[in-house]
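Visitor: Mind looking over this structure? Questions follow.
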Amino acid sequence: MRKVLAALLTIAATATGLRAQIGGPSANVRVARAQPGVWVVPDCGLDKGNFLVGSGGTYLKSGVGTSDDVNKDRLFNDAKRVLVEGIQKGQAGASGAWYYLGRAYLQLGDLAGADSALTRAQDLAPGCARDIQLLRRNTWIALVNAGIGFMKDKNTDSAAVLYRQANDIYRGEPNAYSNLGVLFTSAEQPDSAIVYFQKAVEAAGNDPKFTATRDLSQYNLAALLSNQARWPEAMAAWQQYLLWKPDDADAKKGYARALRANGQPDAAAAIERELISGGSVEVSTDDLMTAGVNFFNDKNYAEAAATFGRVVAREPWSRDAVFNMANAYLGAQNGPELVKAGLSLHAIDPMNENSLKLLAQGYQLEKNQAMIIRYFTALEALPFSLTVDQLSLQSGGATVRGTATGRAARTIDMKPIAPVAVTLVFEFLDKDMAVVASSERTVPKLGVGETSVVEAEGLGTGIVGWRYRAK
């Protein structure tokens, strides 16, 4: 997938006095180390509750202030104990009780407990939302950065665990979700990747800081849905992406593919026409070939022929482009143009039975009896059909490879013709159709259905195509 997120950048903490270190081996240590190094209670309207709630705050302050790890653990557990007791004894409506309890859970590395307590605190004291989200985010940062470190070390299982934990405590940014999407895409688990790319898009929202991550996640989401043949969902995903990135040609191709697969060829063709119109950007031959095939499959033969013709104009040596153009003219029942295309094809690939058939059919459409007889006679007498299926280009030359398959050759009046060996002269062409090199290969006598590999090599620079002829 072209646009899967790969660059994972370490995220910086944004609040003075907050640490986002990659700590020890456990998530608990990372979470604890991400907490403020100085005990500060935000002035946001927290209900401080009774003496039990106050005692919980005192234990927390003492725990933050001590350097003794054993005492820290004891003090934070004492804070949790008295705060739970207070909530059970009438302080469930005190926002401070829940806020302090959330802080205690964070100091102890309990993400689920912290998430639950802080959610309740924010519900009771909405004016504290910013301070609570800051606590969550800085915990999230420590986990995300550690996950990125694991990804760089190719420890993807540990990275996935940390990203999930990060999302347990804070869901306001897309990075952890998108990174999980990348991980699951790489692990060939597309269903999970789809879920996380969706979450990344939702978390990014319309915040301009996250536009790039949002757009990449949406592209990946659409591509994965297409690869899973979930066409209605893919169409919607591509539509949304193109609202954000209307000039992305790859996305337009993906959208056209989804439309076509969902039974909307006319809408797909409209997009493909826009793509191959080129504008100020030259359209690739691959895109033209794909569009031509789609037009052909839609039985829009004239447009298919014109599209393949654009490839031929660029690459007159391309046997596939000429062959496709000829077939499109046959579909359009355009005899004169089929003859022209057929002659070009015959000049490249004369010992292929499909090449001869197309040329003969062109003359048939033109009702040229003499040429019909000539080429159908040649077709019947063909001793074998050669299919060239590989051109390998190297800096110092090229190799062409194909297979000759014996045929039941006969005269026009159906008399059998004995198999014969045929020597072929292969010519290797540059972009101007000049011959760079040539070599001869002899195809042996072949019985009906017998095959022989035909391979020829040409040495020289600038080779882009081939043609051959019988000697």
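For the structure tokens, the naming scheme is as follows: chains receive sequential letters (A, B, ...) according to their order of presentation, residues are indexed from 1 within each chain, and ligands are indexed from 1 in presentation order.
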Any idea what's packed within 7 Å of segment 376-389 of chain A, counting only C-alpha atoms, ignoring anything in its chain fewer than 2 positions away? Could you give it as a ChimeraX atom specification?

Guide: /A:351-353,356,360,372-374,401-407,409-412,419-420

Visitor: Excluding Ser318 of chain A and its own-chain neighbours fewer than 6 positions away, which residues fall within 9 Å of it when counting only C-alpha atoms? Please give them as a PyMOL selection string.

Guide: chain A and resi 311-312+348+464-466

Visitor: Generate the output file for the selected residues, N, CA and C atoms, as a PDB file, in the first residue's frame.

Guide:
ATOM      1  N   VAL A 311      -1.346   5.109 -26.054  1.00  0.00           N
ATOM      2  CA  VAL A 311      -0.158   4.351 -25.646  1.00  0.00           C
ATOM      3  C   VAL A 311       0.696   4.025 -26.861  1.00  0.00           C
ATOM      4  N   VAL A 312       0.052   3.586 -27.931  1.00  0.00           N
ATOM      5  CA  VAL A 312       0.790   3.229 -29.145  1.00  0.00           C
ATOM      6  C   VAL A 312       1.538   4.439 -29.705  1.00  0.00           C
ATOM      7  N   ILE A 348       5.086  -6.694 -35.787  1.00  0.00           N
ATOM      8  CA  ILE A 348       5.786  -6.992 -34.533  1.00  0.00           C
ATOM      9  C   ILE A 348       5.796  -8.487 -34.250  1.00  0.00           C
ATOM     10  N   VAL A 464      14.088  -0.959 -25.690  1.00  0.00           N
ATOM     11  CA  VAL A 464      12.793  -0.858 -25.003  1.00  0.00           C
ATOM     12  C   VAL A 464      11.772  -1.866 -25.525  1.00  0.00           C
ATOM     13  N   GLY A 465      11.994  -2.412 -26.719  1.00  0.00           N
ATOM     14  CA  GLY A 465      11.007  -3.314 -27.298  1.00  0.00           C
ATOM     15  C   GLY A 465      11.620  -4.295 -28.275  1.00  0.00           C
ATOM     16  N   TRP A 466      10.753  -5.074 -28.903  1.00  0.00           N
ATOM     17  CA  TRP A 466      11.199  -6.131 -29.806  1.00  0.00           C
ATOM     18  C   TRP A 466      10.209  -6.297 -30.956  1.00  0.00           C
TER      19      TRP A 466
END

Visitor: What are the closest atom pairs, with distances in Å to one decimal, for each residue of segment 159-189 of chain A lying within 8 Å of segment 209-229 of chain A, using only C-alpha atoms, rows by chain and rising residue number, as CSV?

Guide:
residue,atom,partner,partner_atom,distance
A:Glu173,CA,A:Phe210,CA,7.8
A:Pro174,CA,A:Thr213,CA,7.1
A:Asn175,CA,A:Thr213,CA,7.4
A:Ser178,CA,A:Ser217,CA,6.4

Visitor: Go ahead and dump the residues you just picked, C-alpha atoms, as a compact mmCIF listing (two decimals), in the first residue's frame.

Guide:
# COMPACT_ATOMS: atom_id res chain seq x y z
CA GLU A 173 -5.04 12.32 19.28
CA PRO A 174 -4.66 9.91 16.37
CA ASN A 175 -1.03 8.79 16.59
CA SER A 178 -2.67 5.15 13.32

Visitor: Determine, counting only C-alpha atoms, which protein, DNA and RNA residues have an atom within 12 Å of an atom of Pro265 of chain A; residues of the same chain fewer than 5 positions away are not included. Present the result as a ChimeraX atom specification.

Guide: /A:255-260,270-273,291,294-300

Visitor: Which residue out of A:Pro416, A:Gly102, A:Gly37, A:Gly342 has the minimum interatomic distance to Ser116 of chain A when only C-alpha atoms are used?

Guide: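 Closest residue, counting only C-alpha atoms: A:Gly102.
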
Visitor: So what do you get for atom CA of Trp238 of chain A versus atom CA of Val201 of chain A, distance-wise?

Guide: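 Result for atom CA of Trp238 of chain A versus atom CA of Val201 of chain A: 13.2 Å, one decimal.
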